[in-house]
$ cat work-v7.txt   # compact mmCIF, C-alpha atoms and all ligand atoms
# COMPACT_ATOMS: atom_id res chain seq x y z
CA MET A 182 -10.78 14.51 21.87
CA TRP A 183 -9.13 13.23 25.04
CA SER A 184 -9.27 9.73 23.53
CA ILE A 185 -6.97 10.93 20.72
CA LEU A 186 -4.53 12.27 23.32
CA ILE A 187 -4.45 8.88 25.07
CA LEU A 188 -3.99 7.21 21.68
CA VAL A 189 -1.02 9.47 20.88
CA ILE A 190 0.61 8.53 24.22
CA LEU A 191 -0.07 4.82 23.59
CA SER A 192 1.33 5.18 20.08
CA ILE A 193 4.55 6.78 21.34
CA LEU A 194 4.91 3.78 23.67
CA SER A 195 4.21 1.41 20.76
CA TYR A 196 6.97 3.14 18.76
CA LEU A 197 9.42 2.57 21.62
CA VAL A 198 8.35 -1.08 22.07
CA THR A 199 8.64 -1.86 18.33
CA ASP A 200 12.03 -0.14 18.16
CA GLU A 201 13.21 -2.25 21.11
CA LEU A 202 11.72 -5.56 19.91
CA ILE A 203 13.09 -5.56 16.34
CA PRO A 204 16.82 -5.84 17.20
CA LYS A 205 16.02 -8.29 20.03
CA LEU A 206 13.96 -10.68 17.89
CA LYS A 207 15.65 -10.45 14.50
CA ASP A 208 18.08 -13.34 15.14
CA LEU A 209 15.12 -15.62 15.87
CA PHE A 210 13.90 -14.97 12.31
CA ILE A 211 17.28 -15.94 10.83
CA LYS A 212 17.30 -19.11 12.97
CA ALA A 213 13.85 -19.99 11.65
CA GLY A 214 15.11 -19.62 8.07
CA LEU A 215 13.25 -16.35 7.51
CA TYR A 216 15.93 -14.29 5.85
CA GLY A 217 16.81 -12.87 2.45
CA VAL A 218 19.85 -11.52 0.68
CA ASP A 219 20.02 -7.84 -0.23
CA LEU A 220 20.06 -8.05 -4.01
CA CYS A 221 21.28 -4.45 -4.41
CA LYS A 222 24.45 -4.97 -2.38
CA ASN A 223 27.77 -6.59 -2.98
CA ASN A 224 27.54 -9.09 -0.11
CA ASN A 225 25.61 -12.20 0.79
CA LYS A 226 24.73 -11.23 4.35
CA LYS A 227 21.59 -12.85 5.75
CA ILE A 228 18.98 -10.16 6.45
CA PRO A 229 15.96 -11.17 8.57
CA GLU A 230 12.76 -11.07 6.52
CA ALA A 231 9.06 -10.58 7.45
CA ILE A 232 9.89 -8.19 10.31
CA GLY A 233 6.62 -6.43 9.49
CA VAL A 234 5.02 -9.09 11.66
CA ILE A 235 6.58 -7.43 14.74
CA SER A 236 5.35 -3.91 13.93
CA GLY A 237 2.00 -5.36 12.84
CA CYS A 238 1.52 -7.24 16.13
CA VAL A 239 2.43 -4.18 18.22
CA PHE A 240 0.02 -2.09 16.12
CA LEU A 241 -2.81 -4.56 16.72
CA VAL A 242 -2.07 -4.91 20.45
CA THR A 243 -2.05 -1.09 20.80
CA SER A 244 -5.44 -0.94 19.06
CA PHE A 245 -6.82 -3.68 21.33
CA ILE A 246 -5.61 -1.86 24.46
CA PHE A 247 -7.22 1.30 23.15
CA ILE A 248 -10.71 -0.26 22.80
CA PRO A 249 -11.74 0.28 26.46
CA THR A 250 -10.67 3.92 26.15
CA VAL A 251 -12.80 4.62 23.08
CA PHE A 252 -15.83 2.89 24.50
CA GLY A 253 -15.08 3.69 28.18
CA ASN A 254 -18.13 5.92 28.82
CA ASP A 255 -20.44 3.64 26.88
CA LEU A 256 -19.35 0.66 28.97
CA ILE A 257 -20.73 2.41 32.06
CA GLU A 258 -24.08 3.24 30.41
CA ARG A 259 -24.55 -0.12 28.78
CA GLU A 260 -28.07 0.42 27.40
CA LEU A 261 -26.73 3.09 25.05
CA PHE A 262 -23.71 1.05 23.97
CA PRO A 263 -22.97 1.85 20.26
CA HIS A 264 -22.92 -1.73 18.94
CA ASN A 265 -22.61 -0.53 15.35
CA GLU A 266 -19.44 1.45 15.97
CA PHE A 267 -18.00 -1.39 18.06
CA ALA A 268 -18.69 -3.92 15.28
CA GLU A 269 -17.01 -1.56 12.81
CA LEU A 270 -13.82 -1.33 14.85
CA LEU A 271 -13.76 -5.09 15.50
CA ALA A 272 -14.30 -5.91 11.81
CA ALA A 273 -11.53 -3.48 10.85
CA LEU A 274 -9.10 -5.07 13.30
CA LEU A 275 -10.18 -8.58 12.24
CA SER A 276 -9.49 -7.85 8.57
CA ILE A 277 -6.07 -6.38 9.41
CA CYS A 278 -5.34 -9.34 11.71
CA CYS A 279 -6.30 -11.81 8.92
CA MET A 280 -3.94 -10.02 6.57
CA LEU A 281 -1.13 -10.22 9.13
CA LEU A 282 -1.62 -13.97 9.34
CA LEU A 283 -1.96 -14.47 5.59
CA GLY A 284 0.99 -12.18 4.82
CA PHE A 285 3.16 -14.10 7.25
CA ALA A 286 2.05 -17.35 5.60
CA ASP A 287 3.13 -15.83 2.28
CA ASP A 288 6.55 -14.91 3.67
CA VAL A 289 7.07 -18.41 5.05
CA LEU A 290 5.59 -20.38 2.12
CA ASP A 291 6.25 -17.96 -0.78
CA LEU A 292 2.76 -18.30 -2.24
CA LYS A 293 1.85 -18.12 -5.92
CA TRP A 294 0.45 -14.89 -7.40
CA ARG A 295 -3.11 -16.19 -7.68
CA TYR A 296 -3.23 -16.65 -3.89
CA LYS A 297 -1.91 -13.14 -3.38
CA LEU A 298 -5.07 -11.96 -5.13
CA LEU A 299 -7.38 -14.36 -3.30
CA LEU A 300 -6.15 -13.77 0.27
CA PRO A 301 -7.04 -10.06 0.59
CA THR A 302 -10.47 -10.77 -0.92
CA VAL A 303 -11.19 -13.30 1.81
CA ALA A 304 -9.76 -11.04 4.52
CA SER A 305 -11.98 -8.15 3.43
CA LEU A 306 -15.21 -10.14 3.95
CA PRO A 307 -15.76 -9.15 7.63
CA LEU A 308 -15.39 -5.56 6.55
CA LEU A 309 -17.91 -5.86 3.75
CA VAL A 310 -20.45 -7.54 6.04
CA VAL A 311 -20.20 -4.70 8.57
CA TYR A 312 -20.48 -2.17 5.75
CA TYR A 313 -23.61 -3.95 4.55
CA VAL A 314 -25.20 -3.97 8.01
CA ASN A 315 -24.20 -0.42 9.04
CA PHE A 316 -24.37 1.60 5.81
CA ASN A 317 -25.25 -0.44 2.75
CA SER A 318 -24.87 2.73 0.71
CA THR A 319 -23.95 1.60 -2.79
CA THR A 320 -24.47 4.91 -4.55
CA PHE A 321 -21.79 6.80 -6.45
CA VAL A 322 -22.28 10.57 -6.74
CA ILE A 323 -21.56 11.46 -10.36
CA PRO A 324 -19.08 14.33 -10.96
CA ILE A 325 -20.84 17.50 -12.26
CA PRO A 326 -19.39 17.38 -15.85
CA PHE A 327 -20.88 13.89 -16.43
CA ARG A 328 -24.30 14.53 -14.90
CA GLN A 329 -25.98 15.47 -18.18
CA TRP A 330 -25.46 11.86 -19.32
CA LEU A 331 -25.51 9.84 -16.09
CA GLY A 332 -27.70 11.82 -13.67
CA VAL A 333 -26.79 13.05 -10.19
CA SER A 334 -25.98 9.66 -8.70
CA ILE A 335 -25.93 6.07 -9.72
CA ASN A 336 -26.71 3.06 -7.54
CA ILE A 337 -24.44 0.20 -8.56
CA GLY A 338 -25.75 -2.20 -5.87
CA PHE A 339 -23.75 -5.43 -5.52
CA LEU A 340 -20.99 -4.04 -7.78
CA TYR A 341 -20.11 -1.59 -5.00
CA TYR A 342 -19.10 -4.58 -2.84
CA VAL A 343 -17.02 -5.93 -5.72
CA TYR A 344 -15.35 -2.49 -5.95
CA MET A 345 -14.56 -2.52 -2.21
CA GLY A 346 -13.20 -6.08 -2.34
CA MET A 347 -11.02 -5.08 -5.28
CA LEU A 348 -9.82 -2.01 -3.40
CA ALA A 349 -8.48 -4.31 -0.65
CA VAL A 350 -6.76 -6.53 -3.25
CA PHE A 351 -5.30 -3.49 -5.00
CA CYS A 352 -4.03 -1.69 -1.87
CA THR A 353 -2.30 -4.81 -0.50
CA ASN A 354 -0.59 -5.80 -3.74
CA ALA A 355 0.17 -2.29 -5.02
CA ILE A 356 2.61 -1.65 -2.16
CA ASN A 357 4.15 -5.11 -2.56
CA ILE A 358 4.99 -4.57 -6.23
CA LEU A 359 6.50 -1.11 -5.73
CA ALA A 360 9.27 -2.67 -3.66
CA GLY A 361 12.74 -4.13 -3.65
CA ILE A 362 15.00 -1.27 -2.58
CA ASN A 363 15.80 -0.42 1.02
CA GLY A 364 13.13 1.65 2.78
CA LEU A 365 10.73 1.95 -0.14
CA GLU A 366 7.83 -0.23 1.10
CA VAL A 367 7.87 1.41 4.53
CA GLY A 368 8.58 4.89 3.15
CA GLN A 369 5.59 4.93 0.81
CA ALA A 370 3.35 3.54 3.57
CA ILE A 371 4.49 6.34 5.90
CA VAL A 372 3.74 9.04 3.31
CA ILE A 373 0.28 7.56 2.61
CA ALA A 374 -0.50 7.17 6.35
CA ALA A 375 0.63 10.75 7.07
CA SER A 376 -1.50 12.00 4.15
CA ILE A 377 -4.58 10.21 5.51
CA ILE A 378 -3.93 11.62 8.99
CA ILE A 379 -3.62 15.19 7.62
CA PHE A 380 -6.84 14.67 5.64
CA ASP A 381 -8.60 13.36 8.79
CA ILE A 382 -7.45 16.36 10.83
CA ILE A 383 -8.70 18.80 8.16
CA GLU A 384 -12.06 17.00 8.03
CA LEU A 385 -12.53 16.76 11.82
CA ARG A 386 -14.48 20.04 11.74
CA GLY A 387 -16.87 18.75 9.06
CA ASP A 388 -20.06 16.74 9.46
CA GLN A 389 -18.15 13.48 8.88
CA PHE A 390 -16.08 13.98 12.05
CA LYS A 391 -17.08 10.59 13.50
CA ALA A 392 -15.81 8.71 10.45
CA HIS A 393 -12.55 10.68 10.53
CA THR A 394 -12.08 10.09 14.26
CA PHE A 395 -12.46 6.35 13.53
CA SER A 396 -9.81 6.65 10.82
CA LEU A 397 -7.44 8.44 13.24
CA HIS A 398 -7.95 5.68 15.83
CA ILE A 399 -6.50 3.23 13.33
CA MET A 400 -3.93 5.37 11.51
CA ILE A 401 -2.08 6.89 14.51
CA PRO A 402 -0.84 3.59 16.06
CA TYR A 403 -0.18 2.26 12.55
CA LEU A 404 2.04 5.26 11.74
CA ALA A 405 3.92 5.02 15.06
CA THR A 406 4.82 1.34 14.67
CA THR A 407 5.70 1.83 10.99
CA LEU A 408 8.08 4.70 11.87
CA ALA A 409 9.91 2.34 14.25
CA LEU A 410 10.15 -0.27 11.47
CA MET A 411 11.51 2.40 9.11
CA LYS A 412 14.41 3.07 11.49
CA HIS A 413 15.65 -0.50 10.92
CA ASN A 414 14.65 -0.87 7.26
CA TRP A 415 16.20 2.37 5.98
CA TYR A 416 19.35 2.12 3.84
CA PRO A 417 21.43 0.05 4.56
CA SER A 418 18.61 -2.25 5.73
CA LYS A 419 19.20 -4.32 8.85
CA VAL A 420 15.83 -6.01 8.38
CA PHE A 421 13.38 -6.63 5.51
CA VAL A 422 9.71 -5.91 6.11
CA GLY A 423 8.34 -8.82 4.05
CA ASP A 424 4.97 -9.31 2.41
CA THR A 425 3.43 -9.30 5.90
CA PHE A 426 4.05 -5.57 6.16
CA CYS A 427 2.77 -4.82 2.64
CA TYR A 428 -0.45 -6.76 3.27
CA VAL A 429 -1.09 -5.25 6.71
CA SER A 430 -0.48 -1.74 5.36
CA GLY A 431 -2.65 -2.18 2.28
CA MET A 432 -5.51 -3.61 4.32
CA THR A 433 -5.20 -0.81 6.92
CA PHE A 434 -5.58 1.83 4.17
CA ALA A 435 -8.45 -0.08 2.56
CA VAL A 436 -10.22 -0.44 5.93
CA VAL A 437 -10.17 3.29 6.69
CA GLY A 438 -11.06 4.16 3.10
CA ILE A 439 -14.11 1.90 3.14
CA LEU A 440 -15.41 2.39 6.69
CA SER A 441 -14.70 6.13 6.80
CA HIS A 442 -16.20 6.61 3.33
CA PHE A 443 -13.24 8.21 1.55
CA SER A 444 -12.03 5.36 -0.64
CA LYS A 445 -11.65 7.70 -3.65
CA THR A 446 -9.37 10.01 -1.65
CA VAL A 447 -7.31 6.99 -0.51
CA LEU A 448 -6.92 6.05 -4.17
CA LEU A 449 -5.67 9.58 -4.89
CA PHE A 450 -2.92 9.02 -2.30
CA PHE A 451 -2.05 5.82 -4.19
CA LEU A 452 -1.24 7.62 -7.47
CA PRO A 453 2.39 6.34 -7.79
CA GLN A 454 1.20 2.82 -6.96
CA ILE A 455 -1.54 3.10 -9.62
CA MET A 456 1.02 4.32 -12.18
CA ASN A 457 3.38 1.48 -11.24
CA PHE A 458 0.56 -1.07 -11.50
CA ILE A 459 -0.57 0.11 -14.95
CA TYR A 460 3.04 0.24 -16.19
CA SER A 461 3.70 -3.29 -14.82
CA VAL A 462 0.54 -4.90 -16.23
CA PRO A 463 2.29 -6.46 -19.29
CA GLN A 464 4.75 -8.25 -17.02
CA LEU A 465 2.34 -8.97 -14.15
CA PHE A 466 0.10 -10.86 -16.56
CA HIS A 467 3.12 -12.44 -18.28
CA ILE A 468 2.35 -10.92 -21.67
CA ILE A 469 6.00 -9.86 -21.57
CA PRO A 470 8.41 -12.25 -19.77
CA CYS A 471 8.75 -11.39 -16.07
CA PRO A 472 11.72 -12.46 -13.96
CA ARG A 473 11.15 -13.49 -10.30
CA HIS A 474 12.62 -10.14 -9.17
CA CYS A 475 12.18 -6.95 -11.22
CA LEU A 476 14.19 -4.79 -8.84
CA PRO A 477 17.08 -2.67 -10.24
CA LYS A 478 20.48 -4.19 -10.94
CA TYR A 479 23.45 -3.36 -8.76
CA SER A 480 26.59 -2.44 -10.66
CA ALA A 481 29.63 -3.13 -8.48
CA GLU A 482 32.07 -1.09 -10.62
CA MET A 483 29.90 2.06 -10.48
CA ASP A 484 28.52 1.26 -7.00
CA LEU A 485 25.17 2.46 -8.38
CA LEU A 486 21.83 0.94 -9.32
CA GLN A 487 20.69 0.77 -12.92
CA ALA A 488 17.48 -0.47 -14.53
CA SER A 489 17.18 -4.27 -14.71
CA ARG A 490 16.32 -5.73 -18.10
CA THR A 491 14.43 -8.52 -19.84
CA VAL A 492 15.44 -10.10 -23.13
CA ILE A 493 12.73 -11.09 -25.63
CA ALA A 494 13.87 -13.31 -28.51
CA LYS A 495 12.55 -11.96 -31.83
CA LYS A 496 11.03 -15.34 -32.68
CA ASP A 497 8.91 -15.01 -29.50
CA LEU A 498 7.78 -11.51 -30.39
CA THR A 499 4.05 -12.15 -30.76
CA PHE A 500 1.68 -9.56 -32.24
CA PHE A 501 0.53 -8.50 -28.77
CA ARG A 502 4.08 -8.12 -27.46
CA LYS A 503 5.07 -6.09 -30.53
CA ILE A 504 2.13 -3.68 -29.98
CA ILE A 505 3.00 -3.19 -26.29
CA VAL A 506 6.68 -2.53 -27.02
CA GLN A 507 5.74 -0.12 -29.82
CA VAL A 508 3.23 1.83 -27.70
CA LEU A 509 5.73 2.10 -24.83
CA THR A 510 8.44 3.24 -27.27
CA ILE A 511 6.19 5.95 -28.72
CA LEU A 512 5.34 7.11 -25.20
CA ARG A 513 9.09 7.07 -24.40
CA LEU A 514 8.46 4.82 -21.43
CA ILE A 515 11.04 2.13 -22.18
CA ASP A 516 14.72 1.85 -22.86
CA LYS A 517 15.01 -0.58 -25.78
CA VAL A 518 18.11 -2.14 -27.29
CA GLU A 519 17.63 -4.21 -30.42
CA ASP A 520 19.92 -6.65 -32.23
CA LYS A 521 19.37 -9.26 -34.95
CA GLU A 522 17.95 -11.93 -32.68
CA SER A 523 16.40 -10.21 -29.70
CA ILE A 524 15.23 -7.01 -28.13
CA THR A 525 16.15 -6.03 -24.59
CA ILE A 526 13.87 -3.76 -22.59
CA ASN A 527 13.92 -2.54 -19.01
CA ASN A 528 11.65 -4.37 -16.55
CA LEU A 529 8.41 -2.45 -16.35
CA THR A 530 8.41 -0.92 -12.88
CA LEU A 531 8.28 2.70 -11.75
CA ILE A 532 11.65 2.18 -10.02
CA ASN A 533 13.31 1.19 -13.29
CA LEU A 534 11.51 4.00 -15.14
CA VAL A 535 13.03 6.56 -12.74
CA LEU A 536 16.45 5.01 -13.39
CA ILE A 537 16.15 5.18 -17.20
CA LYS A 538 14.92 8.79 -17.03
CA LEU A 539 17.36 10.12 -14.42
CA GLY A 540 20.30 7.75 -14.95
CA PRO A 541 22.00 5.30 -12.56
CA MET A 542 21.96 6.38 -8.92
CA SER A 543 22.72 5.10 -5.44
CA GLU A 544 20.07 3.05 -3.64
CA ASP A 545 19.32 5.62 -0.93
CA ARG A 546 19.02 8.42 -3.51
CA LEU A 547 16.65 6.29 -5.53
CA THR A 548 14.44 5.65 -2.49
CA VAL A 549 14.42 9.37 -1.62
CA THR A 550 13.54 10.26 -5.24
CA LEU A 551 10.61 7.83 -5.26
CA LEU A 552 9.40 9.06 -1.88
CA ALA A 553 9.63 12.67 -3.12
CA LEU A 554 7.42 11.61 -6.03
CA GLN A 555 4.98 10.06 -3.53
CA CYS A 556 4.91 13.38 -1.59
CA CYS A 557 4.29 15.35 -4.81
CA CYS A 558 1.37 13.03 -5.60
CA THR A 559 -0.03 13.69 -2.11
CA LEU A 560 0.11 17.44 -2.84
CA LEU A 561 -1.65 16.83 -6.15
CA ALA A 562 -4.25 14.70 -4.35
CA PHE A 563 -4.98 17.54 -1.91
CA LEU A 564 -5.19 19.95 -4.85
CA ILE A 565 -7.75 17.70 -6.55
CA ARG A 566 -9.59 17.06 -3.27
CA TYR A 567 -9.89 20.72 -2.23
CA PRO A 568 -9.42 23.65 -4.67
CA MET A 569 -10.46 21.59 -7.71
CA ALA A 570 -13.22 19.55 -6.05
CA SER A 571 -15.75 22.34 -6.64
CA TYR A 572 -15.48 21.71 -10.41
CA PHE A 573 -16.56 18.11 -9.88
CA TYR A 574 -18.85 18.09 -6.82
CA GLU A 575 -20.93 20.56 -4.76
CA THR A 576 -18.73 21.41 -1.79
C1 LIG B 1 7.76 -8.25 -5.44
C2 LIG B 1 8.04 -7.89 -6.89
C3 LIG B 1 9.47 -8.25 -7.29
C4 LIG B 1 10.44 -7.55 -6.35
C5 LIG B 1 10.12 -7.93 -4.91
C6 LIG B 1 11.02 -7.15 -3.96
C7 LIG B 1 6.46 -7.94 -8.74
C8 LIG B 1 5.61 -8.78 -9.58
N1 LIG B 1 7.14 -8.58 -7.77
O1 LIG B 1 7.80 -9.67 -5.32
O2 LIG B 1 9.71 -7.85 -8.61
O3 LIG B 1 11.75 -7.95 -6.65
O4 LIG B 1 8.73 -7.61 -4.61
O5 LIG B 1 10.50 -6.90 -2.70
O6 LIG B 1 6.52 -6.75 -8.92
N2 LIG B 1 14.86 -7.27 -1.40
C9 LIG B 1 16.03 -6.56 -1.51
N3 LIG B 1 16.08 -5.29 -0.98
C10 LIG B 1 14.99 -4.73 -0.35
C11 LIG B 1 13.80 -5.48 -0.25
C12 LIG B 1 13.77 -6.75 -0.79
O7 LIG B 1 17.01 -7.04 -2.06
O8 LIG B 1 15.09 -3.59 0.11
C13 LIG B 1 14.83 -8.66 -1.94
C14 LIG B 1 15.39 -9.62 -0.90
O9 LIG B 1 16.12 -10.62 -1.55
C15 LIG B 1 14.14 -10.18 -0.27
C16 LIG B 1 13.18 -10.20 -1.44
O10 LIG B 1 13.49 -9.04 -2.19
O11 LIG B 1 14.36 -11.48 0.26
C17 LIG B 1 11.74 -10.14 -1.01
O12 LIG B 1 10.97 -10.45 -2.09
P1 LIG B 1 9.42 -10.80 -1.90
O13 LIG B 1 8.76 -9.72 -1.08
O14 LIG B 1 9.26 -12.19 -1.46
O15 LIG B 1 8.96 -10.66 -3.42
P2 LIG B 1 7.50 -10.48 -3.98
O16 LIG B 1 6.68 -9.67 -3.05
O17 LIG B 1 6.97 -11.81 -4.40
MG MG B 2 7.16 -8.51 -1.28
$ encode --input "work-v7.txt" --output "structure tokens"
Amino acid sequence: MWSILILVILSILSYLVTDELIPKLKDLFIKAGLYGVDLCKNNNKKIPEAIGVISGCVFLVTSFIFIPTVFGNDLIERELFPHNEFAELLAALLSICCMLLLGFADDVLDLKWRYKLLLPTVASLPLLVVYYVNFNSTTFVIPIPFRQWLGVSINIGFLYYVYMGMLAVFCTNAINILAGINGLEVGQAIVIAASIIIFDIIELRGDQFKAHTFSLHIMIPYLATTLALMKHNWYPSKVFVGDTFCYVSGMTFAVVGILSHFSKTVLLFFLPQIMNFIYSVPQLFHIIPCPRHCLPKYSAEMDLLQASRTVIAKKDLTFFRKIIVQVLTILRLIDKVEDKESITINNLTLINLVLIKLGPMSEDRLTVTLLALQCCCTLLAFLIRYPMASYFYET
């Protein structure tokens, strides 16, 4: 456990370094043309974008420095060197590093959506190869209520690798699409990281302690650098984190989920992101028109945010669109205004849904509300994972 102590000290240092570097380097980003305008404010100030690359680099450097500590004893007794564990850590860091590079490319070049799906798939390949060599377990244990039909476990073979690749694509993009108000990308990542760390600590006494120690080795420096980023991204944001941060975060969660064998628990911590994804599907796949930015609309006279909207002309209301609007209306999940020629609905994001249910609110209150929801989902996840798990699996 002394290695964890050293990691905590290194992580505190990495927090201080990130906190120091962000204000020092942010003007360089503006000079390089990497800036955005805060769409929820009444000014056109240039805000440096893609600052997640700074926290991401410090996170990776901290992990690199930590390698000799983890494998210190094994380096002395080289015959017993655990090559498998070393390959696992290297593959994890390589996948995260790839995502940092690809995310930064996205911030600079503003890539199309199809590439946003392709890039994480490519970056997850080193991870999948190591998984194949070290574990190659492709069996799902079936929950008890379904065993009478499906048996105790089911081996899905190659499909398991497809599932893991898709997990990486989902985690990276899910954070990126639940975004657009100050502090939300970083805030949700902090709640998820803290949830994984708590889960690891609880499980350290179990027989999977090695896998959970591995997860802690990655999550602790990640959390430290992300907390430093939060300090500068919180309302009113002095920097934007960019797609770089969303990609690095998503890949970090996918890496620990896959290599520490708790991908289903990681998905439980992603409940708000899953809800947001499902709700956004009609616009993500352009079944319903989708503007470039779906984030809420700032109202200068109220100084509050309200749900942003999309107008669909009635002549463009195809059968499919009609069905979606009707289902969402029955489920009371949209705010719809209809006139002779068009219908206007809110953009389909969880952020806008909160605004139509709770009414217009200030940006910082909206972020806090969404983060409170994220925390509630973590509590629910722990409830499902512990007291209720015995209904589904032998514990
Ligand atoms: C995703 C969302 C988009 C949302 C955007 C905001 C989908 C399909 N896409 O696009 O709807 O508007 O994220 O991050 O769901 N910004 C702010 N305040 C913030 C953060 C960002 O105004 O707190 C604005 C800034 O103008 C910034 C821009 O959003 O420049 C960043 O957008 P970008 O991350 O490039 O958008 P996408 O990830 O493509
Ligand atoms: Mg983004």
$ residues_near_ligand --input "work-v7.txt" --ligand "ligand LIG 1 (chain B)" --cutoff "7 Å" --atoms "all atoms listed in the file" --output "ChimeraX atom specification"
/A:216-221,230,288,291,357-364,418,421,423-424,465,473-476
$ closest_residue --input "work-v7.txt" --among "A:Ile323, A:Val422, A:Val242, A:Ala268" --to "ligand MG 2 (chain B)" --atoms "only C-alpha atoms and all ligand atoms"
A:Val422
$ closest_residue --input "work-v7.txt" --among "A:Pro249, A:Val367, A:Arg328, A:Val198" --to "ligand MG 2 (chain B)" --atoms "all atoms listed in the file"
A:Val367
$ closest_residue --input "work-v7.txt" --among "A:Val333, A:Leu534, A:Leu292, A:Ile505" --to "ligand MG 2 (chain B)" --atoms "all atoms listed in the file"
A:Leu292
$ residues_near_point --input "work-v7.txt" --point "(-17.9, -10.6, 2.7)" --cutoff "12 Å" --atoms "only C-alpha atoms" --output "PDB file with C-alpha atoms, in the frame of the given file"
ATOM      1  CA  ALA A 272     -14.300  -5.910  11.810  1.00  0.00           C
ATOM      2  CA  SER A 276      -9.490  -7.850   8.570  1.00  0.00           C
ATOM      3  CA  PRO A 301      -7.040 -10.060   0.590  1.00  0.00           C
ATOM      4  CA  THR A 302     -10.470 -10.770  -0.920  1.00  0.00           C
ATOM      5  CA  VAL A 303     -11.190 -13.300   1.810  1.00  0.00           C
ATOM      6  CA  ALA A 304      -9.760 -11.040   4.520  1.00  0.00           C
ATOM      7  CA  SER A 305     -11.980  -8.150   3.430  1.00  0.00           C
ATOM      8  CA  LEU A 306     -15.210 -10.140   3.950  1.00  0.00           C
ATOM      9  CA  PRO A 307     -15.760  -9.150   7.630  1.00  0.00           C
ATOM     10  CA  LEU A 308     -15.390  -5.560   6.550  1.00  0.00           C
ATOM     11  CA  LEU A 309     -17.910  -5.860   3.750  1.00  0.00           C
ATOM     12  CA  VAL A 310     -20.450  -7.540   6.040  1.00  0.00           C
ATOM     13  CA  VAL A 311     -20.200  -4.700   8.570  1.00  0.00           C
ATOM     14  CA  TYR A 312     -20.480  -2.170   5.750  1.00  0.00           C
ATOM     15  CA  TYR A 313     -23.610  -3.950   4.550  1.00  0.00           C
ATOM     16  CA  VAL A 314     -25.200  -3.970   8.010  1.00  0.00           C
ATOM     17  CA  PHE A 339     -23.750  -5.430  -5.520  1.00  0.00           C
ATOM     18  CA  TYR A 342     -19.100  -4.580  -2.840  1.00  0.00           C
ATOM     19  CA  VAL A 343     -17.020  -5.930  -5.720  1.00  0.00           C
ATOM     20  CA  MET A 345     -14.560  -2.520  -2.210  1.00  0.00           C
ATOM     21  CA  GLY A 346     -13.200  -6.080  -2.340  1.00  0.00           C
ATOM     22  CA  MET A 347     -11.020  -5.080  -5.280  1.00  0.00           C
ATOM     23  CA  ALA A 349      -8.480  -4.310  -0.650  1.00  0.00           C
TER      24      ALA A 349
END
$ closest_residue --input "work-v7.txt" --among "A:Ile185, A:Leu449, A:Val437, A:Ile335" --to "Leu270 (chain A)" --atoms "only C-alpha atoms"
A:Val437
$ residues_around --input "work-v7.txt" --residues "region 406-410 of chain A" --least-positions-apart "5" --cutoff "10 Å" --atoms "all atoms listed in the file" --output "number ranges by chain"
A: 192-203, 232-233, 235-241, 243, 364, 367-368, 370-371, 374, 401, 415, 420-422, 426, 430
$ closest_residue --input "work-v7.txt" --among "A:Val518, A:Val429, A:Cys558, A:Val251" --to "Ile455 (chain A)" --atoms "only C-alpha atoms"
A:Cys558
$ atom_distance --input "work-v7.txt" --atom1 "CA of Lys521 (chain A)" --atom2 "CA of Val535 (chain A)"
28.0 Å
$ closest_residue --input "work-v7.txt" --among "A:Ala273, A:Leu514, A:Ile356, A:Leu282" --to "ligand MG 2 (chain B)" --atoms "only C-alpha atoms and all ligand atoms"
A:Ile356
$ atom_distance --input "work-v7.txt" --atom1 "CA of Leu299 (chain A)" --atom2 "CA of Leu348 (chain A)"
12.6 Å
